[in-house]
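What follows is a single structure, written as structure tokens, with notes after it.
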Amino acid sequence: MFRLSLVPLVVLGALLMTAAGGLPPVGDPESPAATHVSPRYISRGPEETGATNLVTGVLADYRSYDTLGETAVICAAGLACWLILGARWREDGGAQ
Amino acid sequence: MKLAFGSPALDAASRLMTPFMLMFGAYVVVHGHDSPGGGFQGGVIIAACIILVRLVRGRAGGWMLAPERALAFACAGLGIFIGVGLLGPIFGGNFLDYSALPLLLEAPKARAAGSMAIEIGVAVTVTGVLSLIFDALVEARDDG
Amino acid sequence: MTDDMEGLWSVGTAQYFLTTVLLMVGLYGIVARQHLLRKLMAMNILQVAVIVFFIALSAKSGATVPVVIEDGLEINVASYVNPLPHALMLTAIVVSVSTTGVALALLIRIRRRYGTLSETMLLAKLRE
């Protein structure tokens, strides 16, 4: 029964493998991912953000709104984890 | 619940490693602008240090970051992030625009200072949340 | 940084195939495993596949890590890998840790309530 799930998986895998042939080869400096916004990040990142680590420059400056969302997600995950497991502690009357 | 693998060797090793781990975590956070690192990585290292002490010495080690306090840490980090972001509109810039901060610095330096503050906020959040998740999972009992 | 690195990265699309294999392993685990904890582990494998795919997209032949080391005003774009996927995947890793924590908490609750994490036994108990 569960082995049947192999069939769509194999089909999907074959599709993805075929699609991988259409992607630019790994390490291609002219790939679309490397020519859209990333040249701006690399060439002007240090002088615009003051960070020679370009990843930090992108993370904390160019895309800090994105990072704000991620931080909120992490905070919410911690809150959810505590609430899911913490309800039991409060039922005990202050075991924790 | 006791979850302490206390043995003399582990105790000595954790005592030896803890200050270095804390210092390395702070270094990774603060030095993230010029070397690989940043708030997420440094926060994870500091949380790993807290979890190490928690594993070796248990709650009696005094390093227990209580869940309420860890949650307060997480929210404080998010508050630092949003607060630094809101300083931009207050001083006439855009949201999260650190170059508008009145820091008497050139634009790239001011932006670096602003993103440093944000990285510290992220590190505090990650530290709090990871120790909170660890504590919540460890304290959970299976008897209900 | 030139010849050796080019030899390392000139593998064409082999990394995409390996990523696809990793993705298939994760998907198969999610679909076919009965134990919810194993499904969670398979989900983590799937996340790792996505992360590896993004990092493979960021690679450039003959380029080094995105930390600028030269002092000149002119920065050669071709000598640093694309920093954008690195930044995105950095947040994705931390979020995956958080979601794993929430999922483990949910699993603990399910186990407490029903006494099992096996999917078939859970479905049988739910039908009662």
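Every chain in the structure tokens takes a letter, A first, then B, and so on in the order presented; its residues are numbered from 1, and the ligands are numbered from 1 following the presented order.
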
Sort by chain and increasing residue number a table of all residues of chain C within 8 Å of chain A, each with its closest pair of atoms and their distance in Å to one decimal, counting only C-alpha atoms, and write it as JSON lines.
```
{"residue": "C:Trp9", "atom": "CA", "partner": "A:Gly27", "partner_atom": "CA", "distance": 5.9}
{"residue": "C:Ser10", "atom": "CA", "partner": "A:Gly27", "partner_atom": "CA", "distance": 6.8}
{"residue": "C:Val11", "atom": "CA", "partner": "A:Val26", "partner_atom": "CA", "distance": 6.9}
{"residue": "C:Gly12", "atom": "CA", "partner": "A:Pro25", "partner_atom": "CA", "distance": 4.6}
{"residue": "C:Thr13", "atom": "CA", "partner": "A:Pro25", "partner_atom": "CA", "distance": 5.3}
{"residue": "C:Gln15", "atom": "CA", "partner": "A:Val26", "partner_atom": "CA", "distance": 7.3}
{"residue": "C:Tyr16", "atom": "CA", "partner": "A:Ala20", "partner_atom": "CA", "distance": 6.0}
{"residue": "C:Phe17", "atom": "CA", "partner": "A:Met17", "partner_atom": "CA", "distance": 6.0}
{"residue": "C:Thr20", "atom": "CA", "partner": "A:Gly13", "partner_atom": "CA", "distance": 6.7}
{"residue": "C:Val21", "atom": "CA", "partner": "A:Gly13", "partner_atom": "CA", "distance": 7.5}
{"residue": "C:Met24", "atom": "CA", "partner": "A:Gly13", "partner_atom": "CA", "distance": 6.5}
{"residue": "C:Leu27", "atom": "CA", "partner": "A:Leu9", "partner_atom": "CA", "distance": 7.6}
{"residue": "C:Tyr28", "atom": "CA", "partner": "A:Leu9", "partner_atom": "CA", "distance": 7.0}
{"residue": "C:Val31", "atom": "CA", "partner": "A:Ser5", "partner_atom": "CA", "distance": 6.9}
{"residue": "C:Ala32", "atom": "CA", "partner": "A:Phe2", "partner_atom": "CA", "distance": 5.3}
{"residue": "C:Ala56", "atom": "CA", "partner": "A:Val26", "partner_atom": "CA", "distance": 6.3}
{"residue": "C:Leu57", "atom": "CA", "partner": "A:Val26", "partner_atom": "CA", "distance": 6.5}
{"residue": "C:Ser58", "atom": "CA", "partner": "A:Ala34", "partner_atom": "CA", "distance": 7.0}
{"residue": "C:Ala59", "atom": "CA", "partner": "A:Gly27", "partner_atom": "CA", "distance": 4.7}
{"residue": "C:Lys60", "atom": "CA", "partner": "A:Gly27", "partner_atom": "CA", "distance": 3.8}
{"residue": "C:Ser61", "atom": "CA", "partner": "A:Gly27", "partner_atom": "CA", "distance": 4.5}
{"residue": "C:Pro66", "atom": "CA", "partner": "A:Leu54", "partner_atom": "CA", "distance": 5.5}
{"residue": "C:Val67", "atom": "CA", "partner": "A:Asn53", "partner_atom": "CA", "distance": 4.3}
{"residue": "C:Val68", "atom": "CA", "partner": "A:Thr52", "partner_atom": "CA", "distance": 5.1}
{"residue": "C:Ile69", "atom": "CA", "partner": "A:Thr52", "partner_atom": "CA", "distance": 7.5}
{"residue": "C:Glu74", "atom": "CA", "partner": "A:Ser43", "partner_atom": "CA", "distance": 7.4}
{"residue": "C:Ile75", "atom": "CA", "partner": "A:Ser43", "partner_atom": "CA", "distance": 5.3}
{"residue": "C:Asn76", "atom": "CA", "partner": "A:Ser43", "partner_atom": "CA", "distance": 7.0}
{"residue": "C:Val77", "atom": "CA", "partner": "A:Pro39", "partner_atom": "CA", "distance": 5.9}
{"residue": "C:Ala78", "atom": "CA", "partner": "A:Pro29", "partner_atom": "CA", "distance": 6.7}
{"residue": "C:Tyr80", "atom": "CA", "partner": "A:Ile42", "partner_atom": "CA", "distance": 7.4}
{"residue": "C:Asn82", "atom": "CA", "partner": "A:Ser38", "partner_atom": "CA", "distance": 5.9}
{"residue": "C:Pro83", "atom": "CA", "partner": "A:Val55", "partner_atom": "CA", "distance": 5.2}
{"residue": "C:Leu84", "atom": "CA", "partner": "A:Ser38", "partner_atom": "CA", "distance": 6.7}
{"residue": "C:His86", "atom": "CA", "partner": "A:Val55", "partner_atom": "CA", "distance": 6.5}
{"residue": "C:Ala87", "atom": "CA", "partner": "A:Val55", "partner_atom": "CA", "distance": 5.4}
{"residue": "C:Leu88", "atom": "CA", "partner": "A:Leu59", "partner_atom": "CA", "distance": 7.7}
{"residue": "C:Thr91", "atom": "CA", "partner": "A:Glu70", "partner_atom": "CA", "distance": 6.6}
{"residue": "C:Val94", "atom": "CA", "partner": "A:Ile74", "partner_atom": "CA", "distance": 7.7}
{"residue": "C:Val95", "atom": "CA", "partner": "A:Ile74", "partner_atom": "CA", "distance": 6.1}
{"residue": "C:Ser98", "atom": "CA", "partner": "A:Ala77", "partner_atom": "CA", "distance": 5.7}
{"residue": "C:Thr99", "atom": "CA", "partner": "A:Ala77", "partner_atom": "CA", "distance": 6.5}
{"residue": "C:Gly101", "atom": "CA", "partner": "A:Cys81", "partner_atom": "CA", "distance": 6.7}
{"residue": "C:Val102", "atom": "CA", "partner": "A:Cys81", "partner_atom": "CA", "distance": 5.0}
{"residue": "C:Ala105", "atom": "CA", "partner": "A:Cys81", "partner_atom": "CA", "distance": 5.9}
{"residue": "C:Leu106", "atom": "CA", "partner": "A:Ile84", "partner_atom": "CA", "distance": 6.9}
{"residue": "C:Ile108", "atom": "CA", "partner": "A:Leu85", "partner_atom": "CA", "distance": 7.9}
{"residue": "C:Arg109", "atom": "CA", "partner": "A:Leu85", "partner_atom": "CA", "distance": 7.1}
```

Next item on the list: Dump as a PyMOL selection string the residues of chain B that approach chain C to within 12 Å, counting only C-alpha atoms.
Entry: chain B and resi 32-44+122-123+125-144

For C-alpha atoms, I'd like the residues from the last selection saved as a compact mmCIF listing (two decimals), in the first residue's frame.
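Output saved as again-v9.txt:
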```
# COMPACT_ATOMS: atom_id res chain seq x y z
CA GLY B 32 29.99 39.33 12.02
CA HIS B 33 30.62 42.35 9.82
CA ASP B 34 34.16 41.46 8.89
CA SER B 35 34.27 37.69 9.13
CA PRO B 36 31.80 34.84 8.77
CA GLY B 37 29.32 35.20 11.55
CA GLY B 38 26.36 37.19 12.67
CA GLY B 39 23.44 37.20 15.02
CA PHE B 40 21.99 33.81 14.16
CA GLN B 41 25.25 31.92 14.44
CA GLY B 42 26.44 33.66 17.60
CA GLY B 43 23.06 33.23 19.25
CA VAL B 44 23.15 29.52 18.49
CA VAL B 122 18.67 38.63 16.64
CA ALA B 123 21.29 36.90 18.80
CA THR B 125 16.14 36.21 20.31
CA VAL B 126 17.84 33.06 19.04
CA THR B 127 19.48 32.39 22.41
CA GLY B 128 16.20 32.77 24.25
CA VAL B 129 14.16 30.70 21.83
CA LEU B 130 16.63 27.82 21.58
CA SER B 131 16.99 27.47 25.33
CA LEU B 132 13.22 27.82 25.64
CA ILE B 133 12.61 25.03 23.14
CA PHE B 134 15.19 22.84 24.85
CA ASP B 135 13.68 23.42 28.28
CA ALA B 136 10.14 22.85 27.05
CA LEU B 137 11.09 19.57 25.37
CA VAL B 138 13.13 18.36 28.35
CA GLU B 139 10.56 19.25 30.95
CA ALA B 140 7.82 17.47 29.04
CA ARG B 141 6.76 14.27 30.72
CA ASP B 142 5.19 11.25 29.20
CA ASP B 143 2.94 10.22 32.04
CA GLY B 144 -0.27 11.92 31.00
```

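Residues of stretch 50-90 of chain C assigned to helix (DSSP H, G or I) by DSSP on this structure's backbone: Val50, Ile51, Val52, Phe53, Phe54, Ile55, Ala56, Leu57, Ser58, Val77, Ala78, Ser79, Pro83, Leu84, Pro85, His86, Ala87, Leu88, Met89 and Leu90 of chain C.
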
For the selection just defined, write its residues with N, CA, C and O atoms to a file, as a PDB file, in the first residue's frame.
```
ATOM      1  N   VAL C  50      16.549  21.354   0.021  1.00  0.00           N
ATOM      2  CA  VAL C  50      16.279  22.693  -0.500  1.00  0.00           C
ATOM      3  C   VAL C  50      17.459  23.617  -0.230  1.00  0.00           C
ATOM      4  O   VAL C  50      17.886  24.400  -1.096  1.00  0.00           O
ATOM      5  N   ILE C  51      18.040  23.511   0.979  1.00  0.00           N
ATOM      6  CA  ILE C  51      19.165  24.382   1.328  1.00  0.00           C
ATOM      7  C   ILE C  51      20.357  24.094   0.422  1.00  0.00           C
ATOM      8  O   ILE C  51      21.000  25.020  -0.098  1.00  0.00           O
ATOM      9  N   VAL C  52      20.637  22.805   0.201  1.00  0.00           N
ATOM     10  CA  VAL C  52      21.772  22.456  -0.663  1.00  0.00           C
ATOM     11  C   VAL C  52      21.537  22.952  -2.075  1.00  0.00           C
ATOM     12  O   VAL C  52      22.461  23.444  -2.749  1.00  0.00           O
ATOM     13  N   PHE C  53      20.276  22.894  -2.529  1.00  0.00           N
ATOM     14  CA  PHE C  53      19.964  23.382  -3.872  1.00  0.00           C
ATOM     15  C   PHE C  53      20.251  24.876  -3.987  1.00  0.00           C
ATOM     16  O   PHE C  53      20.877  25.337  -4.952  1.00  0.00           O
ATOM     17  N   PHE C  54      19.830  25.630  -2.979  1.00  0.00           N
ATOM     18  CA  PHE C  54      20.073  27.075  -3.043  1.00  0.00           C
ATOM     19  C   PHE C  54      21.564  27.392  -3.012  1.00  0.00           C
ATOM     20  O   PHE C  54      22.035  28.269  -3.734  1.00  0.00           O
ATOM     21  N   ILE C  55      22.297  26.671  -2.154  1.00  0.00           N
ATOM     22  CA  ILE C  55      23.723  26.950  -2.063  1.00  0.00           C
ATOM     23  C   ILE C  55      24.420  26.578  -3.366  1.00  0.00           C
ATOM     24  O   ILE C  55      25.339  27.257  -3.816  1.00  0.00           O
ATOM     25  N   ALA C  56      23.938  25.503  -4.017  1.00  0.00           N
ATOM     26  CA  ALA C  56      24.522  25.148  -5.316  1.00  0.00           C
ATOM     27  C   ALA C  56      24.247  26.229  -6.348  1.00  0.00           C
ATOM     28  O   ALA C  56      25.060  26.472  -7.234  1.00  0.00           O
ATOM     29  N   LEU C  57      23.081  26.882  -6.234  1.00  0.00           N
ATOM     30  CA  LEU C  57      22.785  27.964  -7.175  1.00  0.00           C
ATOM     31  C   LEU C  57      23.734  29.142  -6.992  1.00  0.00           C
ATOM     32  O   LEU C  57      23.975  29.899  -7.936  1.00  0.00           O
ATOM     33  N   SER C  58      24.244  29.318  -5.761  1.00  0.00           N
ATOM     34  CA  SER C  58      25.052  30.509  -5.496  1.00  0.00           C
ATOM     35  C   SER C  58      26.498  30.336  -5.932  1.00  0.00           C
ATOM     36  O   SER C  58      27.242  31.309  -5.898  1.00  0.00           O
ATOM     37  N   VAL C  77      33.341  41.414  -9.277  1.00  0.00           N
ATOM     38  CA  VAL C  77      32.121  40.665  -8.946  1.00  0.00           C
ATOM     39  C   VAL C  77      32.330  39.170  -9.125  1.00  0.00           C
ATOM     40  O   VAL C  77      31.803  38.354  -8.372  1.00  0.00           O
ATOM     41  N   ALA C  78      33.135  38.804 -10.115  1.00  0.00           N
ATOM     42  CA  ALA C  78      33.269  37.379 -10.435  1.00  0.00           C
ATOM     43  C   ALA C  78      34.081  36.620  -9.398  1.00  0.00           C
ATOM     44  O   ALA C  78      34.118  35.395  -9.428  1.00  0.00           O
ATOM     45  N   SER C  79      34.746  37.325  -8.466  1.00  0.00           N
ATOM     46  CA  SER C  79      35.606  36.616  -7.528  1.00  0.00           C
ATOM     47  C   SER C  79      34.918  36.318  -6.196  1.00  0.00           C
ATOM     48  O   SER C  79      35.558  35.783  -5.303  1.00  0.00           O
ATOM     49  N   PRO C  83      26.053  36.274  -2.553  1.00  0.00           N
ATOM     50  CA  PRO C  83      25.744  36.222  -1.120  1.00  0.00           C
ATOM     51  C   PRO C  83      24.261  36.079  -0.809  1.00  0.00           C
ATOM     52  O   PRO C  83      23.899  35.723   0.310  1.00  0.00           O
ATOM     53  N   LEU C  84      23.391  36.332  -1.783  1.00  0.00           N
ATOM     54  CA  LEU C  84      21.959  36.356  -1.489  1.00  0.00           C
ATOM     55  C   LEU C  84      21.411  34.989  -1.055  1.00  0.00           C
ATOM     56  O   LEU C  84      20.744  34.910  -0.017  1.00  0.00           O
ATOM     57  N   PRO C  85      21.693  33.882  -1.780  1.00  0.00           N
ATOM     58  CA  PRO C  85      21.198  32.586  -1.295  1.00  0.00           C
ATOM     59  C   PRO C  85      21.767  32.215   0.064  1.00  0.00           C
ATOM     60  O   PRO C  85      21.077  31.583   0.869  1.00  0.00           O
ATOM     61  N   HIS C  86      22.996  32.630   0.338  1.00  0.00           N
ATOM     62  CA  HIS C  86      23.573  32.331   1.648  1.00  0.00           C
ATOM     63  C   HIS C  86      22.753  33.008   2.753  1.00  0.00           C
ATOM     64  O   HIS C  86      22.421  32.393   3.765  1.00  0.00           O
ATOM     65  N   ALA C  87      22.416  34.282   2.535  1.00  0.00           N
ATOM     66  CA  ALA C  87      21.647  34.999   3.551  1.00  0.00           C
ATOM     67  C   ALA C  87      20.269  34.372   3.710  1.00  0.00           C
ATOM     68  O   ALA C  87      19.788  34.184   4.833  1.00  0.00           O
ATOM     69  N   LEU C  88      19.634  34.009   2.585  1.00  0.00           N
ATOM     70  CA  LEU C  88      18.300  33.417   2.680  1.00  0.00           C
ATOM     71  C   LEU C  88      18.351  32.082   3.403  1.00  0.00           C
ATOM     72  O   LEU C  88      17.510  31.788   4.260  1.00  0.00           O
ATOM     73  N   MET C  89      19.357  31.263   3.088  1.00  0.00           N
ATOM     74  CA  MET C  89      19.419  29.942   3.697  1.00  0.00           C
ATOM     75  C   MET C  89      19.839  30.013   5.155  1.00  0.00           C
ATOM     76  O   MET C  89      19.498  29.150   5.948  1.00  0.00           O
ATOM     77  N   LEU C  90      20.586  31.069   5.519  1.00  0.00           N
ATOM     78  CA  LEU C  90      20.936  31.249   6.935  1.00  0.00           C
ATOM     79  C   LEU C  90      19.676  31.389   7.769  1.00  0.00           C
ATOM     80  O   LEU C  90      19.509  30.715   8.802  1.00  0.00           O
TER      81      LEU C  90
END
```

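Going from atom CA of C:Val48 to atom CA of C:Leu36 covers 18.5 Å.
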
Selection near stretch 76-91 of chain B, 10 Å with only C-alpha atoms, sequence-local residues under 2 positions removed, as an mmCIF file with N, CA, C and O atoms, in the first residue's frame:
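As written to disk, part_13.cif reads:
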```
data_model
loop_
_atom_site.group_PDB
_atom_site.id
_atom_site.type_symbol
_atom_site.label_atom_id
_atom_site.label_comp_id
_atom_site.auth_asym_id
_atom_site.auth_seq_id
_atom_site.Cartn_x
_atom_site.Cartn_y
_atom_site.Cartn_z
ATOM 1 N N SER A 64 16.827 43.656 5.608
ATOM 2 C CA SER A 64 16.565 43.571 7.041
ATOM 3 C C SER A 64 15.084 43.399 7.323
ATOM 4 O O SER A 64 14.714 42.861 8.365
ATOM 5 N N TYR A 65 14.230 43.828 6.406
ATOM 6 C CA TYR A 65 12.798 43.607 6.612
ATOM 7 C C TYR A 65 12.501 42.108 6.608
ATOM 8 O O TYR A 65 11.723 41.614 7.421
ATOM 9 N N THR A 67 14.660 39.835 7.473
ATOM 10 C CA THR A 67 15.194 39.309 8.725
ATOM 11 C C THR A 67 14.265 39.606 9.897
ATOM 12 O O THR A 67 14.140 38.797 10.825
ATOM 13 N N LEU A 68 13.610 40.773 9.839
ATOM 14 C CA LEU A 68 12.624 41.088 10.888
ATOM 15 C C LEU A 68 11.522 40.036 10.902
ATOM 16 O O LEU A 68 11.133 39.538 11.970
ATOM 17 N N GLY A 69 11.045 39.669 9.713
ATOM 18 C CA GLY A 69 10.020 38.630 9.650
ATOM 19 C C GLY A 69 10.520 37.303 10.185
ATOM 20 O O GLY A 69 9.812 36.608 10.921
ATOM 21 N N THR A 71 12.872 36.811 12.391
ATOM 22 C CA THR A 71 12.997 36.892 13.847
ATOM 23 C C THR A 71 11.634 36.749 14.510
ATOM 24 O O THR A 71 11.499 36.082 15.541
ATOM 25 N N ALA A 72 10.622 37.363 13.894
ATOM 26 C CA ALA A 72 9.274 37.222 14.444
ATOM 27 C C ALA A 72 8.810 35.775 14.382
ATOM 28 O O ALA A 72 8.167 35.278 15.318
ATOM 29 N N ILE A 74 10.751 33.115 14.501
ATOM 30 C CA ILE A 74 11.471 32.353 15.525
ATOM 31 C C ILE A 74 10.851 32.604 16.893
ATOM 32 O O ILE A 74 10.618 31.690 17.690
ATOM 33 N N CYS A 75 10.557 33.880 17.155
ATOM 34 C CA CYS A 75 9.942 34.250 18.435
ATOM 35 C C CYS A 75 8.602 33.535 18.592
ATOM 36 O O CYS A 75 8.297 32.971 19.646
ATOM 37 N N ALA B 70 13.387 33.167 29.396
ATOM 38 C CA ALA B 70 13.845 32.946 28.017
ATOM 39 C C ALA B 70 12.891 33.595 27.028
ATOM 40 O O ALA B 70 13.308 34.201 26.039
ATOM 41 N N LEU B 71 11.594 33.495 27.335
ATOM 42 C CA LEU B 71 10.608 34.140 26.450
ATOM 43 C C LEU B 71 10.778 35.649 26.488
ATOM 44 O O LEU B 71 10.669 36.325 25.451
ATOM 45 N N ALA B 72 11.085 36.173 27.700
ATOM 46 C CA ALA B 72 11.325 37.616 27.797
ATOM 47 C C ALA B 72 12.540 38.001 26.969
ATOM 48 O O ALA B 72 12.537 39.036 26.281
ATOM 49 N N PHE B 73 13.580 37.138 26.988
ATOM 50 C CA PHE B 73 14.758 37.398 26.150
ATOM 51 C C PHE B 73 14.360 37.456 24.684
ATOM 52 O O PHE B 73 14.758 38.369 23.954
ATOM 53 N N ALA B 74 13.582 36.459 24.259
ATOM 54 C CA ALA B 74 13.205 36.396 22.843
ATOM 55 C C ALA B 74 12.451 37.650 22.438
ATOM 56 O O ALA B 74 12.748 38.283 21.418
ATOM 57 N N GLY B 93 13.848 59.166 8.404
ATOM 58 C CA GLY B 93 14.221 58.265 7.319
ATOM 59 C C GLY B 93 13.128 57.255 7.087
ATOM 60 O O GLY B 93 11.976 57.467 7.455
ATOM 61 N N ASN B 94 13.496 56.146 6.471
ATOM 62 C CA ASN B 94 12.545 55.064 6.279
ATOM 63 C C ASN B 94 12.668 54.060 7.416
ATOM 64 O O ASN B 94 13.620 54.089 8.200
ATOM 65 N N PHE B 95 11.689 53.149 7.487
ATOM 66 C CA PHE B 95 11.754 52.070 8.472
ATOM 67 C C PHE B 95 12.992 51.220 8.193
ATOM 68 O O PHE B 95 13.248 50.839 7.053
ATOM 69 N N LEU B 96 13.771 50.962 9.232
ATOM 70 C CA LEU B 96 15.006 50.178 9.161
ATOM 71 C C LEU B 96 16.080 50.874 8.324
ATOM 72 O O LEU B 96 16.979 50.232 7.808
ATOM 73 N N ASP B 97 15.984 52.185 8.182
ATOM 74 C CA ASP B 97 17.012 52.929 7.460
ATOM 75 C C ASP B 97 17.998 53.492 8.483
ATOM 76 O O ASP B 97 17.762 54.525 9.080
ATOM 77 N N TYR B 98 19.112 52.772 8.666
ATOM 78 C CA TYR B 98 20.019 53.156 9.760
ATOM 79 C C TYR B 98 20.819 54.399 9.441
ATOM 80 O O TYR B 98 21.389 54.998 10.332
ATOM 81 N N SER B 99 20.901 54.777 8.167
ATOM 82 C CA SER B 99 21.724 55.950 7.853
ATOM 83 C C SER B 99 21.071 57.230 8.364
ATOM 84 O O SER B 99 21.726 58.276 8.412
ATOM 85 N N ALA B 100 19.790 57.165 8.765
ATOM 86 C CA ALA B 100 19.127 58.355 9.307
ATOM 87 C C ALA B 100 19.399 58.522 10.794
ATOM 88 O O ALA B 100 19.023 59.534 11.376
ATOM 89 N N LEU B 101 20.050 57.530 11.429
ATOM 90 C CA LEU B 101 20.265 57.627 12.872
ATOM 91 C C LEU B 101 21.230 58.760 13.179
ATOM 92 O O LEU B 101 22.205 58.966 12.462
ATOM 93 N N PRO B 102 20.986 59.526 14.241
ATOM 94 C CA PRO B 102 21.881 60.645 14.584
ATOM 95 C C PRO B 102 23.121 60.157 15.306
ATOM 96 O O PRO B 102 23.297 60.380 16.497
ATOM 97 N N GLY B 114 23.937 50.389 12.943
ATOM 98 C CA GLY B 114 22.539 49.975 13.028
ATOM 99 C C GLY B 114 22.372 48.494 12.815
ATOM 100 O O GLY B 114 21.647 47.821 13.562
ATOM 101 N N SER B 115 23.086 47.948 11.813
ATOM 102 C CA SER B 115 22.924 46.505 11.611
ATOM 103 C C SER B 115 23.587 45.716 12.727
ATOM 104 O O SER B 115 23.150 44.601 13.019
ATOM 105 N N ALA B 117 23.372 46.604 15.903
ATOM 106 C CA ALA B 117 22.324 46.557 16.925
ATOM 107 C C ALA B 117 21.290 45.497 16.578
ATOM 108 O O ALA B 117 20.822 44.738 17.442
ATOM 109 N N ILE B 118 20.968 45.408 15.291
ATOM 110 C CA ILE B 118 19.980 44.418 14.876
ATOM 111 C C ILE B 118 20.502 43.007 15.061
ATOM 112 O O ILE B 118 19.790 42.103 15.501
ATOM 113 N N GLU B 119 21.801 42.813 14.770
ATOM 114 C CA GLU B 119 22.375 41.482 14.955
ATOM 115 C C GLU B 119 22.338 41.075 16.420
ATOM 116 O O GLU B 119 22.095 39.920 16.754
ATOM 117 N N ILE B 120 22.605 42.061 17.307
ATOM 118 C CA ILE B 120 22.554 41.743 18.742
ATOM 119 C C ILE B 120 21.131 41.344 19.127
ATOM 120 O O ILE B 120 20.914 40.386 19.883
ATOM 121 N N GLY B 121 20.143 42.065 18.584
ATOM 122 C CA GLY B 121 18.762 41.697 18.865
ATOM 123 C C GLY B 121 18.442 40.294 18.387
ATOM 124 O O GLY B 121 17.814 39.498 19.099
ATOM 125 N N VAL B 122 18.904 39.962 17.174
ATOM 126 C CA VAL B 122 18.667 38.628 16.638
ATOM 127 C C VAL B 122 19.337 37.577 17.517
ATOM 128 O O VAL B 122 18.770 36.513 17.798
ATOM 129 N N ALA B 123 20.570 37.870 17.971
ATOM 130 C CA ALA B 123 21.291 36.901 18.804
ATOM 131 C C ALA B 123 20.544 36.654 20.111
ATOM 132 O O ALA B 123 20.414 35.510 20.555
ATOM 133 N N VAL B 124 20.028 37.735 20.722
ATOM 134 C CA VAL B 124 19.284 37.569 21.972
ATOM 135 C C VAL B 124 18.039 36.719 21.728
ATOM 136 O O VAL B 124 17.722 35.806 22.508
ATOM 137 N N THR B 125 17.346 36.995 20.624
ATOM 138 C CA THR B 125 16.142 36.209 20.310
ATOM 139 C C THR B 125 16.468 34.736 20.120
ATOM 140 O O THR B 125 15.793 33.861 20.671
ATOM 141 N N VAL B 126 17.515 34.462 19.336
ATOM 142 C CA VAL B 126 17.840 33.058 19.042
ATOM 143 C C VAL B 126 18.265 32.337 20.317
ATOM 144 O O VAL B 126 17.857 31.193 20.567
ATOM 145 N N THR B 127 19.074 33.018 21.147
ATOM 146 C CA THR B 127 19.479 32.393 22.408
ATOM 147 C C THR B 127 18.264 32.040 23.257
ATOM 148 O O THR B 127 18.127 30.911 23.743
ATOM 149 N N GLY B 128 17.370 33.020 23.416
ATOM 150 C CA GLY B 128 16.200 32.772 24.252
ATOM 151 C C GLY B 128 15.334 31.662 23.702
ATOM 152 O O GLY B 128 14.921 30.761 24.441
#
```
